[in-house]
Each structure stands twice: as structure tokens, then as C-alpha cells.
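Enquirer: Mind looking over this structure? Questions follow.
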Amino acid sequence: MRQPLLLTIPALALAALALSAPPATAHEGHTQESTTTDEGSWTTMAHLDSLNNSGTTGEASVKVDGNKATVSMTVQGAAETFQNGPFPHAQHIHIGAAGTCPGPELDQNGDGAVSTPEAHPAYGMIASSLTETGDTSPDSALAVDRFPGGSSYTYERSIDIDDATQQALKDGTAVMVVHGVDPANLSQTAQQEMSPLDDSLPLAATLPAACGTLNASQMGDVPDGGADTGVGQKTDPASIVITVGAGAAGLVAVGGGAVYLRRRQRA
């Protein structure tokens, strides 16, 4: 049966296109490193787990564009009231240490709670104070009248960050911490203690209540790689070139075989 020679042209054209195209670029990304988009922005995310028996949990994301950062948070299960008002929850980005959340082994005085100074080897010192208004530097670490309050809240604000904070966010060593624990959740000893940060406040007011390491997510707002998990698929660029070359060679072979069969049929 005669087969039109035209049927072999798409395969040959596709093969030629594959051979002439530049090698594909591999996207490399994981939870400790990020790659910027053409716009230069990228996003880190954290799940906030409870600390000090607080029951506080949440989600946080930080979209970084140069030395600007847009912080978004949702928090629930937090301490609700303090001195007949909403319990203020100081919240910060910490850097400069292990980039982890503290475990109970850091409780040095045996009161059953890990205070902020005791937690410093895990999550480091304050880089940004996530206030609702005004200054966001470490100077506002205890500006309790400018932090969100109550048992649940949402937060979003664009802030300035320095180069060290930007690098820690990119490296996956920056940690989001929410403070303030209901005293009823603490041991009798801890309930009677004053804060090592401000002796006019009870320990419960400044205890870390929720914590999460900010890990690099998909760049910008568009998933890249596999499923939207924040983890890119690591690929060797050389393997991409080899794959493209093999695929192109296969297309050429198919196209050539089709021409050969066509000529035999004519013969």
C-alpha cells in the first residue's frame, strides 16, 4: 500500500528542532536553598508548631524581593486574654543560630518551660519584629501594644530586611517565633516566674509559644518541578542534554526508517 511521504516530515522536523534547541535548564531547589525568578522574588514558608505546651499553631510565609519582605501569617490556639484584654503575641523572625526550634532539653533551670534566652542556641536572635504598625527592628521586640492579640489572628505586612536576614531566609536558617503562653498551661514554678527579658512581665508573656523554620518554597508564585510541595526536583543538566539528544536521534531513526520503507514499497 502506498504511504504518503508527507507523513514522515513532522518526525524529521521535530528531530531537527530538538537537535538545534539549546539545552534545557535544570531547576535545583530544596528546603534549604532557593533560586530567584526573573523578577528576583522568592518565597519561604513555615508550619508553626506549639512550644511550651501552648497549644498555639499556625502557618507563615515570607515573600522576599531584594531587601523587602511581605510576611503573611495565620495563628490559632493562642493565649486569649491578658490583664482583661487580648493577650498580645510578640512575633519575630530570628536568625544567627542553628535555624531550628528549641526542644525541652534546652530548659536549663528545670521549670518545665524553655524561655527565650534558653532557646537562643536553636533559633538565634531577633532580626525583625513583626509589629502591626511602626518600627520592625529588634528594638521593638517587646512593643506589646503593637503586636497582634487574642486566641487567633491573621497578619500581613511588608517590611524592610537587611542582607543578613535575606541570606538566612534563603539558606533556610531563619525561624519564625510567636510568643505568649497561657500561664495555666505552665508548671506552678513557671507560673510564678518573671520574664528574663522584662522583669515587669510574667514569664508566660514572653515565652515562645509557636515556632517554625522558614524553608524555601517554589519561587515566586508559580510551582516549578513536581507537585506544589515547596521542593524542586533536582536534575543534572548533563542528563537533560543526553535525554534530548537520545530523543532526537530516535526521531531521526524513525523518520529515516519511514523513508526507507516508502522507497522499498515504491520498488
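Convention: chains lettered A, B, ... in C-alpha cells order; per-chain residue numbering from 1; ligands numbered from 1 as shown.
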Using 10 Å as the limit and counting only C-alpha atoms, can you tabulate each residue of stretch 102-134 of chain A that touches stretch 171-176 of chain A, with its shortest atom-to-atom distance in Å and the two atoms involved, as a tab-separated table?
Expert:
```
residue	atom	partner	partner_atom	distance
A:Ala122	CA	A:Val175	CA	9.1
A:Tyr123	CA	A:Val175	CA	6.0
A:Gly124	CA	A:Val175	CA	8.2
A:Met125	CA	A:Val175	CA	9.7
A:Ile126	CA	A:Val175	CA	9.4
A:Ala127	CA	A:Ala174	CA	8.9
A:Ser128	CA	A:Met176	CA	9.7
A:Leu130	CA	A:Met176	CA	9.7
```
Enquirer: Would you save the residues from that selection as a PDB file, in the first residue's frame, using N, CA and C atoms?
Expert:
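What landed in again_6.pdb:
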```pdb
ATOM      1  N   ALA A 122      19.052  27.556  69.555  1.00  0.00           N
ATOM      2  CA  ALA A 122      18.284  26.912  68.481  1.00  0.00           C
ATOM      3  C   ALA A 122      17.906  27.900  67.392  1.00  0.00           C
ATOM      4  N   TYR A 123      17.240  28.988  67.775  1.00  0.00           N
ATOM      5  CA  TYR A 123      16.728  29.872  66.720  1.00  0.00           C
ATOM      6  C   TYR A 123      17.411  31.228  66.617  1.00  0.00           C
ATOM      7  N   GLY A 124      18.300  31.553  67.512  1.00  0.00           N
ATOM      8  CA  GLY A 124      19.087  32.762  67.349  1.00  0.00           C
ATOM      9  C   GLY A 124      18.428  34.008  67.913  1.00  0.00           C
ATOM     10  N   MET A 125      18.937  35.149  67.478  1.00  0.00           N
ATOM     11  CA  MET A 125      18.484  36.447  67.970  1.00  0.00           C
ATOM     12  C   MET A 125      17.468  37.058  67.002  1.00  0.00           C
ATOM     13  N   ILE A 126      16.786  38.089  67.461  1.00  0.00           N
ATOM     14  CA  ILE A 126      15.746  38.729  66.664  1.00  0.00           C
ATOM     15  C   ILE A 126      16.369  39.501  65.501  1.00  0.00           C
ATOM     16  N   ALA A 127      15.843  39.277  64.312  1.00  0.00           N
ATOM     17  CA  ALA A 127      16.230  40.057  63.133  1.00  0.00           C
ATOM     18  C   ALA A 127      15.147  41.067  62.789  1.00  0.00           C
ATOM     19  N   SER A 128      13.877  40.668  62.913  1.00  0.00           N
ATOM     20  CA  SER A 128      12.750  41.549  62.596  1.00  0.00           C
ATOM     21  C   SER A 128      11.638  41.325  63.613  1.00  0.00           C
ATOM     22  N   LEU A 130       7.763  41.603  64.102  1.00  0.00           N
ATOM     23  CA  LEU A 130       6.606  41.635  63.204  1.00  0.00           C
ATOM     24  C   LEU A 130       5.442  42.348  63.884  1.00  0.00           C
TER      25      LEU A 130
END
```
Enquirer: Near A:Asp163, within 10 Å and counting only C-alpha atoms, which residues show up once chain neighbours fewer than 6 positions away are dropped, as a VMD selection string?
Expert: chain A and resid 66 to 67 169
Enquirer: Would you mind listing what lies within 12 Å of stretch 101-110 of chain A as number ranges by chain, with only C-alpha atoms counted and same-chain residues fewer than 5 positions away left out?
Expert: A: 46-53, 94-95, 115-124, 173-178, 187-190, 193, 207-214
Enquirer: Can I get the selected residues back with C-alpha atoms, as a PDB file, in the first residue's frame?
Expert:
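What ended up in selection.pdb:
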```pdb
ATOM      1  CA  ALA A  46       6.866  27.569  57.755  1.00  0.00           C
ATOM      2  CA  HIS A  47       4.399  25.496  59.719  1.00  0.00           C
ATOM      3  CA  LEU A  48       4.339  26.788  63.287  1.00  0.00           C
ATOM      4  CA  ASP A  49       4.327  24.051  65.929  1.00  0.00           C
ATOM      5  CA  SER A  50       3.455  24.508  69.577  1.00  0.00           C
ATOM      6  CA  LEU A  51       6.120  25.168  72.183  1.00  0.00           C
ATOM      7  CA  ASN A  52       5.849  25.140  75.978  1.00  0.00           C
ATOM      8  CA  ASN A  53       2.515  23.319  75.992  1.00  0.00           C
ATOM      9  CA  HIS A  94      15.088  35.028  64.371  1.00  0.00           C
ATOM     10  CA  ILE A  95      18.452  34.344  62.704  1.00  0.00           C
ATOM     11  CA  SER A 115      12.455  30.643  77.873  1.00  0.00           C
ATOM     12  CA  THR A 116      13.577  32.901  75.054  1.00  0.00           C
ATOM     13  CA  PRO A 117      17.217  33.124  76.264  1.00  0.00           C
ATOM     14  CA  GLU A 118      17.305  29.345  76.703  1.00  0.00           C
ATOM     15  CA  ALA A 119      16.045  28.959  73.117  1.00  0.00           C
ATOM     16  CA  HIS A 120      18.663  31.238  71.541  1.00  0.00           C
ATOM     17  CA  PRO A 121      21.071  28.390  70.608  1.00  0.00           C
ATOM     18  CA  ALA A 122      18.284  26.912  68.481  1.00  0.00           C
ATOM     19  CA  TYR A 123      16.728  29.872  66.720  1.00  0.00           C
ATOM     20  CA  GLY A 124      19.087  32.762  67.349  1.00  0.00           C
ATOM     21  CA  THR A 173      18.144  29.146  58.786  1.00  0.00           C
ATOM     22  CA  ALA A 174      15.617  31.859  59.652  1.00  0.00           C
ATOM     23  CA  VAL A 175      12.966  30.914  62.219  1.00  0.00           C
ATOM     24  CA  MET A 176       9.508  32.372  62.845  1.00  0.00           C
ATOM     25  CA  VAL A 177       8.573  32.556  66.537  1.00  0.00           C
ATOM     26  CA  VAL A 178       5.304  33.614  68.205  1.00  0.00           C
ATOM     27  CA  SER A 187       4.110  24.386  85.814  1.00  0.00           C
ATOM     28  CA  GLN A 188       3.484  26.039  89.181  1.00  0.00           C
ATOM     29  CA  THR A 189       7.116  27.125  89.244  1.00  0.00           C
ATOM     30  CA  ALA A 190       6.974  28.738  85.804  1.00  0.00           C
ATOM     31  CA  GLU A 193       8.498  33.475  87.405  1.00  0.00           C
ATOM     32  CA  LEU A 207       7.729  32.516  76.412  1.00  0.00           C
ATOM     33  CA  PRO A 208       7.967  31.158  72.855  1.00  0.00           C
ATOM     34  CA  ALA A 209       4.566  29.651  72.055  1.00  0.00           C
ATOM     35  CA  ALA A 210       4.929  28.543  68.433  1.00  0.00           C
ATOM     36  CA  CYS A 211       7.899  28.106  66.142  1.00  0.00           C
ATOM     37  CA  GLY A 212       8.770  27.068  62.593  1.00  0.00           C
ATOM     38  CA  THR A 213      11.850  27.170  60.370  1.00  0.00           C
ATOM     39  CA  LEU A 214      11.235  29.172  57.202  1.00  0.00           C
TER      40      LEU A 214
END
```
Enquirer: Rank A:Pro88, A:Thr100, A:Leu203, A:Glu59 by their smallest atom-to-atom distance to A:Val75, using only C-alpha atoms, and report the top residue only.
Expert: A:Glu59
Enquirer: Determine, counting only C-alpha atoms, which protein, DNA and RNA residues have an atom within 12 Å of an atom of A:Ala79; residues of the same chain fewer than 2 positions away are not included. Present the result as a VMD selection string.
Expert: chain A and resid 50 52 to 57 75 to 77 81 to 83 85 to 90 148 to 153 178 to 185 204 to 210
Enquirer: Give me, as CSV, each residue of stretch 35-147 of chain A that comes within 7 Å of stretch 156-161 of chain A, together with its shortest interatomic pair and the distance in Å at one decimal, counting only C-alpha atoms, with rows ordered by chain and rising residue number.
Expert:
```
residue,atom,partner,partner_atom,distance
A:Asn67,CA,A:Ile161,CA,5.1
A:Lys68,CA,A:Asp160,CA,4.8
A:Ala69,CA,A:Ile159,CA,5.4
A:Thr70,CA,A:Ser158,CA,4.1
A:Val71,CA,A:Glu156,CA,5.4
A:Ser72,CA,A:Glu156,CA,4.4
A:Met73,CA,A:Glu156,CA,6.4
```
Enquirer: Which residue gives the smallest distance to A:Gly112 among A:Ala60, A:Ala97, A:Leu142, A:Leu186, with only C-alpha atoms counted?
Expert: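 With only C-alpha atoms as the atom set, the closest residue is A:Leu186.
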Enquirer: Rounded to one decimal, what separation in Å do you get between atom CA of A:Phe147 and atom CA of A:Asp65?
Expert: 23.9 Å
